[in-house]
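Enquirer: What follows is model.txt; its format and atoms are compact mmCIF, C-alpha atoms.
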```txt
# COMPACT_ATOMS: atom_id res chain seq x y z
CA MET A 1 14.86 27.04 -22.52
CA HIS A 2 15.32 23.28 -21.99
CA TRP A 3 13.05 21.42 -19.58
CA ALA A 4 14.66 18.15 -18.48
CA LEU A 5 11.79 16.31 -16.80
CA ASP A 6 9.77 13.92 -18.95
CA SER A 7 6.18 15.17 -18.87
CA HIS A 8 4.77 11.85 -20.06
CA LEU A 9 4.84 10.10 -16.70
CA PRO A 10 1.89 7.75 -16.07
CA SER A 11 -1.15 9.39 -14.51
CA SER A 12 -3.38 7.78 -11.90
CA GLY A 13 -6.78 6.42 -12.92
CA ILE A 14 -7.78 6.64 -9.26
CA ARG A 15 -6.99 10.35 -9.12
CA GLU A 16 -9.11 11.00 -12.20
CA ILE A 17 -12.20 9.61 -10.45
CA LEU A 18 -11.25 11.25 -7.15
CA ASP A 19 -10.96 14.70 -8.74
CA LEU A 20 -14.36 14.32 -10.40
CA ALA A 21 -15.94 13.04 -7.20
CA LEU A 22 -14.70 16.06 -5.26
CA LYS A 23 -16.56 18.34 -7.69
CA ARG A 24 -19.82 16.41 -7.33
CA PRO A 25 -21.85 17.09 -4.16
CA ASN A 26 -23.15 14.14 -2.12
CA THR A 27 -21.03 11.57 -3.95
CA ILE A 28 -20.58 8.22 -2.18
CA ARG A 29 -16.80 7.91 -1.99
CA LEU A 30 -15.60 4.33 -2.48
CA GLU A 31 -12.63 5.07 -4.72
CA THR A 32 -9.85 6.00 -2.30
CA GLY A 33 -7.84 4.14 0.32
CA GLU A 34 -8.50 6.76 2.96
CA PRO A 35 -9.53 5.51 6.43
CA ASP A 36 -12.78 7.07 7.63
CA PHE A 37 -11.38 7.22 11.16
CA SER A 38 -9.46 10.03 12.84
CA PRO A 39 -5.96 9.53 14.26
CA PRO A 40 -6.04 8.40 17.90
CA GLY A 41 -6.47 11.31 20.30
CA PHE A 42 -3.33 10.41 22.24
CA VAL A 43 -1.30 10.74 19.01
CA VAL A 44 -2.73 14.19 18.29
CA GLN A 45 -1.97 15.21 21.87
CA ALA A 46 1.59 13.90 21.60
CA TYR A 47 2.21 16.06 18.52
CA ARG A 48 0.88 19.14 20.30
CA GLN A 49 2.85 18.39 23.46
CA ALA A 50 6.09 17.84 21.55
CA ALA A 51 5.71 21.17 19.77
CA LEU A 52 4.94 22.99 23.03
CA GLU A 53 7.98 21.42 24.68
CA GLY A 54 10.27 22.77 21.96
CA HIS A 55 10.71 19.75 19.70
CA ASN A 56 10.54 21.90 16.59
CA HIS A 57 13.99 21.48 15.09
CA TYR A 58 16.00 19.48 12.60
CA THR A 59 16.77 15.93 13.68
CA GLN A 60 19.07 13.24 12.41
CA THR A 61 18.08 12.40 8.85
CA SER A 62 17.56 8.80 9.92
CA GLY A 63 15.07 9.86 12.61
CA ILE A 64 15.17 10.45 16.36
CA PRO A 65 16.78 7.51 18.22
CA ALA A 66 13.73 6.90 20.45
CA LEU A 67 11.45 6.43 17.42
CA ARG A 68 13.86 4.06 15.68
CA THR A 69 14.18 2.04 18.90
CA ALA A 70 10.38 1.79 19.09
CA LEU A 71 10.31 0.75 15.43
CA GLN A 72 12.86 -1.97 16.20
CA MET A 73 10.51 -3.36 18.83
CA LYS A 74 7.49 -3.12 16.52
CA LEU A 75 9.31 -4.98 13.74
CA GLU A 76 10.18 -7.78 16.20
CA ARG A 77 6.66 -7.94 17.64
CA ILE A 78 4.53 -7.61 14.50
CA ASN A 79 6.75 -8.63 11.59
CA GLY A 80 9.11 -11.12 13.20
CA VAL A 81 12.08 -9.22 11.77
CA HIS A 82 15.18 -8.10 13.66
CA ARG A 83 16.69 -4.81 12.53
CA SER A 84 19.18 -2.59 14.33
CA ARG A 85 18.51 1.15 14.64
CA GLU A 86 21.08 1.69 11.89
CA GLU A 87 18.91 -0.41 9.56
CA ILE A 88 15.88 1.89 9.89
CA LEU A 89 15.31 5.19 8.08
CA VAL A 90 12.31 7.37 9.05
CA THR A 91 10.64 8.83 5.93
CA PRO A 92 7.94 11.43 5.19
CA GLY A 93 5.39 8.75 4.27
CA GLY A 94 5.71 5.38 2.60
CA ILE A 95 6.06 6.70 -0.96
CA PRO A 96 9.49 8.35 -0.41
CA GLY A 97 10.67 5.05 1.08
CA LEU A 98 9.61 3.23 -2.08
CA PHE A 99 11.25 5.89 -4.25
CA LEU A 100 14.55 5.47 -2.40
CA ALA A 101 14.29 1.69 -2.72
CA PHE A 102 13.80 1.99 -6.48
CA MET A 103 16.69 4.46 -6.73
CA GLY A 104 19.01 2.27 -4.69
CA THR A 105 18.38 -1.01 -6.46
CA ALA A 106 18.14 0.03 -10.13
CA GLY A 107 19.40 2.67 -12.51
CA ALA A 108 18.15 4.18 -15.75
CA GLY A 109 17.46 1.41 -18.25
CA ASP A 110 17.22 -1.30 -15.59
CA GLU A 111 14.05 -3.28 -14.86
CA ILE A 112 12.01 -3.99 -11.73
CA LEU A 113 9.26 -6.59 -11.59
CA VAL A 114 5.95 -5.20 -10.28
CA PRO A 115 2.57 -6.90 -9.67
CA ASP A 116 -0.38 -6.65 -12.06
CA PRO A 117 -2.85 -5.74 -10.65
CA GLY A 118 -0.82 -3.54 -8.34
CA TRP A 119 -0.63 -0.10 -6.85
CA PRO A 120 -0.23 2.33 -9.80
CA ASP A 121 2.15 4.72 -8.04
CA TYR A 122 4.97 2.19 -8.40
CA LEU A 123 5.04 3.05 -12.10
CA GLY A 124 5.38 6.80 -11.71
CA GLY A 125 8.27 6.52 -9.29
CA MET A 126 10.15 4.12 -11.54
CA ALA A 127 9.43 6.09 -14.72
CA SER A 128 10.78 9.29 -13.17
CA LEU A 129 14.05 7.44 -12.50
CA GLY A 130 14.22 5.95 -16.00
CA ILE A 131 13.56 2.45 -14.62
CA GLN A 132 11.40 0.06 -16.66
CA ALA A 133 8.53 -1.52 -14.74
CA VAL A 134 7.89 -5.07 -15.95
CA ARG A 135 4.46 -6.33 -14.92
CA TYR A 136 3.94 -9.89 -13.66
CA PRO A 137 0.36 -11.21 -13.46
CA LEU A 138 -1.69 -11.96 -10.36
CA ILE A 139 -4.57 -14.12 -11.56
CA PHE A 140 -8.06 -14.38 -10.05
CA PRO A 141 -9.04 -15.90 -7.66
CA GLU A 142 -5.72 -16.45 -5.83
CA PHE A 143 -4.05 -13.20 -6.98
CA VAL A 144 -0.58 -14.42 -5.91
CA PRO A 145 2.70 -14.53 -7.88
CA SER A 146 3.63 -17.54 -9.97
CA LEU A 147 7.30 -18.48 -10.21
CA ASP A 148 6.74 -19.60 -13.81
CA ASP A 149 5.36 -16.18 -14.76
CA LEU A 150 8.23 -14.43 -13.00
CA GLU A 151 10.77 -16.65 -14.76
CA LYS A 152 9.33 -15.64 -18.15
CA ARG A 153 9.84 -11.97 -17.39
CA ILE A 154 13.31 -11.83 -15.92
CA THR A 155 16.13 -10.48 -18.11
CA ALA A 156 19.76 -9.48 -17.71
CA ARG A 157 18.49 -6.00 -16.76
CA THR A 158 16.20 -7.12 -13.91
CA ARG A 159 17.35 -5.75 -10.56
CA ALA A 160 14.47 -6.16 -8.09
CA LEU A 161 11.10 -7.75 -7.40
CA VAL A 162 8.29 -5.74 -5.79
CA LEU A 163 6.01 -7.68 -3.43
CA ASN A 164 2.94 -6.23 -1.70
CA PHE A 165 1.15 -8.34 0.92
CA PRO A 166 -1.63 -7.82 1.76
CA GLY A 167 -1.84 -6.18 -1.61
CA ASN A 168 -3.56 -3.19 -3.11
CA PRO A 169 -6.00 -3.81 -4.79
CA THR A 170 -6.29 -7.56 -4.16
CA GLY A 171 -5.79 -7.81 -0.39
CA ARG A 172 -4.42 -11.33 -0.81
CA ILE A 173 -1.74 -12.98 1.35
CA PRO A 174 0.24 -15.94 -0.03
CA THR A 175 1.21 -18.98 1.98
CA ASP A 176 4.47 -18.85 3.90
CA SER A 177 5.82 -21.59 1.63
CA LEU A 178 5.26 -19.42 -1.45
CA ILE A 179 6.98 -16.45 0.20
CA ARG A 180 9.94 -18.70 0.99
CA GLU A 181 10.01 -19.84 -2.66
CA LEU A 182 9.93 -16.23 -3.84
CA CYS A 183 12.87 -15.44 -1.57
CA LEU A 184 14.86 -18.39 -2.91
CA TRP A 185 14.00 -17.37 -6.47
CA ALA A 186 15.18 -13.79 -5.86
CA GLU A 187 18.38 -15.08 -4.25
CA ARG A 188 19.01 -17.44 -7.16
CA HIS A 189 18.73 -14.54 -9.63
CA ASP A 190 20.65 -12.09 -7.41
CA LEU A 191 17.68 -9.73 -7.08
CA TRP A 192 16.60 -7.34 -4.37
CA ILE A 193 13.13 -7.70 -2.91
CA ILE A 194 11.26 -4.43 -2.35
CA SER A 195 8.54 -5.41 0.10
CA ASP A 196 5.61 -2.99 0.39
CA GLU A 197 4.18 -3.78 3.83
CA VAL A 198 2.10 -0.69 4.54
CA TYR A 199 -0.98 -2.84 5.31
CA ASP A 200 0.94 -5.17 7.63
CA GLN A 201 -1.44 -4.58 10.57
CA ILE A 202 -4.69 -4.72 8.58
CA VAL A 203 -4.91 -8.49 8.29
CA PHE A 204 -8.13 -10.52 8.62
CA ASP A 205 -7.03 -14.03 7.66
CA GLY A 206 -3.63 -15.67 7.90
CA GLU A 207 -0.32 -14.05 8.76
CA VAL A 208 1.90 -11.67 6.83
CA LEU A 209 5.45 -12.96 6.71
CA SER A 210 8.03 -10.42 5.59
CA PRO A 211 10.69 -11.66 3.16
CA ALA A 212 13.20 -10.09 5.57
CA ARG A 213 12.66 -13.09 7.84
CA TRP A 214 14.54 -15.22 5.32
CA ILE A 215 16.72 -12.88 3.26
CA PRO A 216 17.25 -9.69 5.32
CA GLU A 217 20.45 -8.95 3.43
CA ARG A 218 18.56 -8.38 0.16
CA THR A 219 15.18 -7.07 1.41
CA LEU A 220 14.16 -3.42 1.53
CA ALA A 221 10.82 -3.14 3.32
CA VAL A 222 8.56 -0.09 3.38
CA TYR A 223 6.06 0.68 6.16
CA SER A 224 3.73 3.53 7.00
CA PHE A 225 1.71 4.99 9.86
CA SER A 226 -0.95 6.10 7.36
CA LYS A 227 -3.21 3.06 7.21
CA THR A 228 -2.49 1.52 10.62
CA TYR A 229 -3.19 4.67 12.64
CA ALA A 230 -5.39 6.59 10.15
CA MET A 231 -2.58 9.15 9.75
CA THR A 232 -2.66 9.50 5.94
CA GLY A 233 -2.28 13.28 5.94
CA TRP A 234 0.54 13.29 8.48
CA ARG A 235 3.07 11.67 6.11
CA LEU A 236 5.16 9.39 8.30
CA GLY A 237 6.73 6.10 7.26
CA TYR A 238 9.97 4.16 7.45
CA LEU A 239 12.28 2.10 5.30
CA THR A 240 14.26 -0.89 6.57
CA GLY A 241 17.06 -2.90 5.04
CA PRO A 242 20.67 -3.99 5.47
CA GLU A 243 22.83 -1.36 7.13
CA GLN A 244 24.99 -0.59 4.10
CA ALA A 245 21.90 0.09 1.98
CA ILE A 246 20.17 2.22 4.61
CA THR A 247 23.35 4.23 5.24
CA SER A 248 23.62 4.96 1.53
CA LEU A 249 19.95 5.88 1.17
CA THR A 250 20.11 8.09 4.25
CA GLN A 251 22.73 10.17 2.42
CA VAL A 252 20.27 10.57 -0.44
CA ALA A 253 17.45 11.48 1.97
CA MET A 254 19.70 14.12 3.53
CA GLY A 255 19.71 15.98 0.24
CA ILE A 256 15.96 15.60 -0.38
CA TRP A 257 14.11 16.19 2.89
CA SER A 258 16.93 16.74 5.41
CA SER A 259 14.84 15.31 8.26
CA VAL A 260 11.23 14.44 9.03
CA SER A 261 9.23 16.89 11.16
CA GLU A 262 10.38 16.54 14.77
CA PRO A 263 6.98 16.84 16.52
CA LEU A 264 5.59 14.37 13.97
CA GLN A 265 8.25 11.85 14.97
CA TYR A 266 7.21 12.19 18.61
CA ALA A 267 3.61 11.61 17.55
CA GLY A 268 4.73 8.44 15.77
CA LEU A 269 6.59 7.35 18.90
CA ARG A 270 3.41 7.78 20.93
CA ALA A 271 1.41 5.85 18.31
CA LEU A 272 3.75 2.89 18.73
CA ASN A 273 3.92 3.04 22.53
CA GLY A 274 0.28 3.94 23.17
CA PRO A 275 -2.76 1.63 23.48
CA GLN A 276 -2.90 -0.61 20.42
CA GLU A 277 -6.60 -1.38 20.91
CA VAL A 278 -7.33 1.42 18.44
CA VAL A 279 -5.61 -0.57 15.70
CA ALA A 280 -7.60 -3.70 16.56
CA GLN A 281 -10.86 -1.74 16.60
CA MET A 282 -10.29 -0.25 13.14
CA ARG A 283 -9.30 -3.66 11.83
CA GLN A 284 -12.54 -5.16 13.21
CA HIS A 285 -14.56 -2.50 11.39
CA TYR A 286 -12.79 -3.25 8.10
CA ARG A 287 -13.34 -6.99 8.59
CA ARG A 288 -17.06 -6.49 9.27
CA ARG A 289 -17.40 -4.35 6.15
CA ARG A 290 -15.61 -6.97 4.08
CA ASP A 291 -17.91 -9.69 5.37
CA LEU A 292 -21.07 -7.63 4.80
CA ALA A 293 -19.95 -6.64 1.29
CA GLU A 294 -19.08 -10.21 0.33
CA GLN A 295 -22.40 -11.49 1.67
CA PHE A 296 -24.30 -8.88 -0.33
CA LEU A 297 -22.35 -9.56 -3.54
CA ASP A 298 -22.69 -13.34 -3.15
CA GLN A 299 -26.47 -13.02 -2.75
CA ALA A 300 -26.57 -10.81 -5.83
CA GLY A 301 -24.44 -13.28 -7.81
CA ILE A 302 -21.74 -10.72 -8.51
CA PRO A 303 -18.16 -12.12 -8.69
CA HIS A 304 -15.60 -10.49 -6.40
CA SER A 305 -12.19 -11.00 -4.81
CA HIS A 306 -11.71 -12.26 -1.27
CA PRO A 307 -9.24 -9.98 0.55
CA ASP A 308 -7.23 -11.47 3.42
CA GLY A 309 -6.25 -7.98 4.51
CA ALA A 310 -5.94 -4.29 3.52
CA PHE A 311 -9.31 -2.65 2.84
CA TYR A 312 -10.22 -3.16 -0.80
CA LEU A 313 -12.57 -5.41 -2.73
CA LEU A 314 -12.40 -6.06 -6.48
CA VAL A 315 -15.81 -6.45 -8.08
CA ARG A 316 -16.31 -7.96 -11.52
CA MET A 317 -18.21 -5.98 -14.17
CA ASP A 318 -19.85 -8.82 -16.08
CA THR A 319 -21.89 -6.31 -18.00
CA SER A 320 -21.00 -5.02 -21.40
CA ASP A 321 -18.33 -3.78 -23.72
CA LEU A 322 -17.56 -0.89 -21.36
CA SER A 323 -13.99 -0.50 -20.22
CA SER A 324 -13.54 -0.28 -16.46
CA ARG A 325 -12.72 3.43 -16.84
CA ALA A 326 -15.87 4.10 -18.87
CA PHE A 327 -17.87 2.05 -16.39
CA ALA A 328 -16.50 4.04 -13.41
CA LEU A 329 -17.20 7.36 -15.12
CA ARG A 330 -20.78 6.40 -16.00
CA PHE A 331 -21.42 4.93 -12.57
CA LEU A 332 -20.22 8.18 -10.99
CA ASN A 333 -22.25 10.43 -13.29
CA GLU A 334 -25.45 8.37 -13.31
CA CYS A 335 -25.50 6.88 -9.81
CA GLY A 336 -23.38 9.23 -7.72
CA VAL A 337 -20.89 6.58 -6.58
CA ALA A 338 -17.13 6.84 -7.07
CA VAL A 339 -15.20 3.58 -7.56
CA ALA A 340 -11.69 3.02 -8.91
CA PRO A 341 -11.45 1.48 -12.39
CA GLY A 342 -9.57 -1.81 -12.50
CA SER A 343 -7.47 -0.56 -15.41
CA ALA A 344 -5.78 1.86 -12.97
CA PHE A 345 -4.03 -1.16 -11.42
CA GLY A 346 -2.99 -2.94 -14.62
CA ALA A 347 -4.23 -4.98 -17.54
CA MET A 348 -5.05 -7.99 -15.35
CA SER A 349 -7.78 -6.05 -13.52
CA GLU A 350 -9.48 -4.60 -16.57
CA GLY A 351 -13.11 -5.68 -16.28
CA TRP A 352 -13.10 -5.04 -12.53
CA VAL A 353 -13.66 -2.05 -10.27
CA ARG A 354 -12.09 -1.54 -6.86
CA ILE A 355 -14.31 -0.79 -3.88
CA SER A 356 -12.72 0.76 -0.78
CA LEU A 357 -13.83 -0.70 2.54
CA ALA A 358 -12.36 2.33 4.29
CA ALA A 359 -15.70 4.13 4.06
CA PRO A 360 -18.64 4.30 6.49
CA GLU A 361 -20.67 1.10 6.49
CA SER A 362 -23.83 2.91 5.40
CA ASP A 363 -22.04 4.45 2.40
CA LEU A 364 -20.49 1.12 1.47
CA MET A 365 -23.78 -0.79 1.47
CA ASP A 366 -25.67 2.00 -0.30
CA GLY A 367 -22.95 2.12 -2.95
CA LEU A 368 -23.09 -1.66 -3.44
CA ARG A 369 -26.89 -1.56 -3.83
CA ARG A 370 -26.52 1.10 -6.50
CA LEU A 371 -23.79 -0.97 -8.14
CA LYS A 372 -26.06 -4.03 -8.28
CA ASP A 373 -28.85 -1.99 -9.88
CA PHE A 374 -26.42 -0.39 -12.34
CA LEU A 375 -25.02 -3.77 -13.37
CA ARG A 376 -28.51 -5.10 -14.03
CA ARG A 377 -29.70 -2.16 -16.09
```
Using the file provided, produce a representation of the structure as structure tokens.
Expert:
Amino acid sequence: MHWALDSHLPSSGIREILDLALKRPNTIRLETGEPDFSPPGFVVQAYRQAALEGHNHYTQTSGIPALRTALQMKLERINGVHRSREEILVTPGGIPGLFLAFMGTAGAGDEILVPDPGWPDYLGGMASLGIQAVRYPLIFPEFVPSLDDLEKRITARTRALVLNFPGNPTGRIPTDSLIRELCLWAERHDLWIISDEVYDQIVFDGEVLSPARWIPERTLAVYSFSKTYAMTGWRLGYLTGPEQAITSLTQVAMGIWSSVSEPLQYAGLRALNGPQEVVAQMRQHYRRRRDLAEQFLDQAGIPHSHPDGAFYLLVRMDTSDLSSRAFALRFLNECGVAVAPGSAFGAMSEGWVRISLAAPESDLMDGLRRLKDFLRR
């Protein structure tokens, strides 16, 4: 019997450490981008209330009108982007939005430019569609794209450019002038921009400017409730873009998930319309953890990245001939701390490990102390 799916899709180096950490009692968990906060109580209550009131049915594939109207207002307020309701598609998490963006902009044998280091799940989605991911480097300490490096990698098969600001794992935000230049470059080469903006409200320094401010007609932007409202397990996101693209991708979504859970959409509506102080409070905690971690690492003389947003810190392993994967495995087994190997994010972050700031402050600082001792042994 023939099996059509390619079984050699890339696996996640983060998941390897995560699975091992789950089997090891009392592990300090610094490997995953999982907020240590609970969803706001008013969001939980809104879900319950919606279900009790009978909102338990199929909805429009694009999402309930009230939620898309609220998303319109959020995009204006936070991202400075104007989109009509017809240019917004509600998705079951950010990943399906990315998958649709890949599917809509490129076909089998085409190429999409992706950051290195960058979120590894881009690769699996593209590989499953037969799309070739072409990595462009983000170089320490700035970790921002270079037009020269992009120019070297573009071919006749290139269809889109993936941008992620603030990025995972770097947390960096480029200047607005560089984002404008990237937009002009994409326009000059007739490329789509797939803008991963799931950390758009976890920003410590500077301002995130969506490419859709300048080239809305060729930008597909992906957002999520997961990080902003600590709703990772709820699976709620949204995809925005020009109406023709969103209409087309909505037809695809209709055949994949039909519609997103109705009570979940009402919970998302309440998240957007409820008190936003909860977002600011979580952001303040992440900022404090970043500052404490950087202060500790600076005093210890350990090189690290400086994230402008998101909740990750790259730490340099100036130690030995260990690969970042071998380092992470030994650190977990010998010291009881789980960190993500830099190699999980690309060749440019080999020699680094990623520390998640989305962990309790006590765990973070204890893990960093163990890391310092491990590096010096």
Enquirer: So which one's closest to Ile202 of chain A, A:Ala347, A:Leu147, A:Ile78, A:Ala328? Using all atoms listed in the file, please.
Expert: A:Ile78
Enquirer: What does the distance between atom CA of Val203 of chain A and atom CA of Ala46 of chain A come to in Å, to one decimal place?
Expert: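 Between atom CA of Val203 of chain A and atom CA of Ala46 of chain A the gap works out to 26.8 Å.
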Enquirer: Write out as a PDB file with C-alpha atoms, in the frame of the given file which residues come within 10 Å of Gln265 of chain A when counting only C-alpha atoms, dropping same-chain ones fewer than 3 positions away.
Expert:
```pdb
ATOM      1  CA  ALA A  46       1.590  13.900  21.600  1.00  0.00           C
ATOM      2  CA  TYR A  47       2.210  16.060  18.520  1.00  0.00           C
ATOM      3  CA  ALA A  50       6.090  17.840  21.550  1.00  0.00           C
ATOM      4  CA  HIS A  55      10.710  19.750  19.700  1.00  0.00           C
ATOM      5  CA  THR A  59      16.770  15.930  13.680  1.00  0.00           C
ATOM      6  CA  GLY A  63      15.070   9.860  12.610  1.00  0.00           C
ATOM      7  CA  ILE A  64      15.170  10.450  16.360  1.00  0.00           C
ATOM      8  CA  ALA A  66      13.730   6.900  20.450  1.00  0.00           C
ATOM      9  CA  LEU A  67      11.450   6.430  17.420  1.00  0.00           C
ATOM     10  CA  ARG A  68      13.860   4.060  15.680  1.00  0.00           C
ATOM     11  CA  VAL A  90      12.310   7.370   9.050  1.00  0.00           C
ATOM     12  CA  THR A  91      10.640   8.830   5.930  1.00  0.00           C
ATOM     13  CA  PRO A  92       7.940  11.430   5.190  1.00  0.00           C
ATOM     14  CA  LEU A 236       5.160   9.390   8.300  1.00  0.00           C
ATOM     15  CA  GLY A 237       6.730   6.100   7.260  1.00  0.00           C
ATOM     16  CA  VAL A 260      11.230  14.440   9.030  1.00  0.00           C
ATOM     17  CA  SER A 261       9.230  16.890  11.160  1.00  0.00           C
ATOM     18  CA  GLU A 262      10.380  16.540  14.770  1.00  0.00           C
ATOM     19  CA  GLY A 268       4.730   8.440  15.770  1.00  0.00           C
ATOM     20  CA  LEU A 269       6.590   7.350  18.900  1.00  0.00           C
ATOM     21  CA  ARG A 270       3.410   7.780  20.930  1.00  0.00           C
ATOM     22  CA  ALA A 271       1.410   5.850  18.310  1.00  0.00           C
TER      23      ALA A 271
END
```
Enquirer: Quick one, how far is atom CA of Leu239 of chain A from atom CA of His57 of chain A?
Expert: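 Result for atom CA of Leu239 of chain A versus atom CA of His57 of chain A: 21.8 Å, one decimal.
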Enquirer: Quick one: distance from atom CA of Asp291 of chain A to atom CA of Leu209 of chain A in Å, one decimal?
Expert: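 Separation between atom CA of Asp291 of chain A and atom CA of Leu209 of chain A: 23.6 Å.
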Enquirer: Write out as a PDB file with C-alpha atoms, in the frame of the given file each polymer residue whose atoms come within 6 Å of segment 98-113 of chain A, counting all atoms listed in the file; drop sequence neighbours fewer than 2 positions from it.
Expert:
```
ATOM      1  CA  ILE A  95       6.060   6.700  -0.960  1.00  0.00           C
ATOM      2  CA  PRO A  96       9.490   8.350  -0.410  1.00  0.00           C
ATOM      3  CA  GLY A 125       8.270   6.520  -9.290  1.00  0.00           C
ATOM      4  CA  GLY A 130      14.220   5.950 -16.000  1.00  0.00           C
ATOM      5  CA  ILE A 131      13.560   2.450 -14.620  1.00  0.00           C
ATOM      6  CA  GLN A 132      11.400   0.060 -16.660  1.00  0.00           C
ATOM      7  CA  ALA A 133       8.530  -1.520 -14.740  1.00  0.00           C
ATOM      8  CA  VAL A 134       7.890  -5.070 -15.950  1.00  0.00           C
ATOM      9  CA  ARG A 135       4.460  -6.330 -14.920  1.00  0.00           C
ATOM     10  CA  ARG A 157      18.490  -6.000 -16.760  1.00  0.00           C
ATOM     11  CA  THR A 158      16.200  -7.120 -13.910  1.00  0.00           C
ATOM     12  CA  ARG A 159      17.350  -5.750 -10.560  1.00  0.00           C
ATOM     13  CA  ALA A 160      14.470  -6.160  -8.090  1.00  0.00           C
ATOM     14  CA  LEU A 161      11.100  -7.750  -7.400  1.00  0.00           C
ATOM     15  CA  VAL A 162       8.290  -5.740  -5.790  1.00  0.00           C
TER      16      VAL A 162
END
```
Enquirer: Rank nothing, just name the residue among A:His285, A:Arg213, A:Arg316, A:Arg153 nearest to Leu75 of chain A, using all atoms listed in the file.
Expert: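 The shortest atom-to-atom distance to Leu75 of chain A comes from A:Arg213.
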Enquirer: Between A:Ala310, A:Leu150, A:Val114, A:Leu272, which is the closest to Glu197 of chain A once you count all atoms listed in the file?
Expert: A:Ala310
Enquirer: When you count only C-alpha atoms, which of these residues is closest to Arg369 of chain A: A:Leu9, A:Ile28, A:Asp205, A:Thr247?
Expert: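 Selected residue with least distance to Arg369 of chain A: A:Ile28.
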Enquirer: With a distance cut-off of 10 Å and only C-alpha atoms, select the neighbouring residues of segment 363-368 of chain A, excluding the residue or stretch itself and same-chain residues fewer than 5 positions from it, and output the selection as a list in words.
Expert: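 Non-adjacent residues within range: Thr27, Ile28, Arg29, Leu30, Arg289, Arg290, Leu292, Ala293, Phe296, Leu297, Val315, Cys335, Gly336, Val337, Ala338, Val339, Ile355, Ser356, Leu357, Ala358, Asp373 and Phe374 of chain A.
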Enquirer: At a cut-off of 12 Å around the point (-8.7, -7.3, 6.4) (file coordinates), what residues fall inside when counting only C-alpha atoms? I'd like the answer as a count of residues only.
Expert: 44
Enquirer: Counting only C-alpha atoms, what is within 10 Å of Gln244 of chain A, bar same-chain residues fewer than 4 positions away, as number ranges by chain?
Expert: A: 86-87, 217, 248-250
Enquirer: Go through A:Val44, A:Asn164, A:Arg370, A:Leu375 one by one, measure the shortest atom-to-atom distance of each to Ile302 of chain A using only C-alpha atoms, and give the residue with the smallest value.
Expert: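 Going through A:Val44, A:Asn164, A:Arg370, A:Leu375 one by one, the smallest distance to Ile302 of chain A is for A:Leu375.
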Enquirer: Which residue out of A:Val278, A:Val198, A:Arg180, A:Ile17 has the minimum interatomic distance to Thr232 of chain A when only C-alpha atoms are used?
Expert: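 Looking only at the distances to Thr232 of chain A, the closest residue turns out to be A:Val198.
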Enquirer: List the spatial neighbours of segment 115-121 of chain A as a list in words - criterion: any atom at most 6 Å away, only C-alpha atoms, same-chain residues fewer than 4 positions off excluded.
Expert: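 Residues meeting the cut-off are Arg135, Tyr136, Pro137, Leu138, Asn168, Phe345, Gly346, Met348 and Ser349 of chain A.
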Enquirer: Given 6 Å of margin on each side, can you work out the centre and size in Å (one decimal) of an axis-aligned box holding every listed atom of segment 248-263 of chain A, as JSON?
Expert:
```
{"center_x": 15.3, "center_y": 10.9, "center_z": 8.0, "size_x": 28.6, "size_y": 23.9, "size_z": 29.0}
```
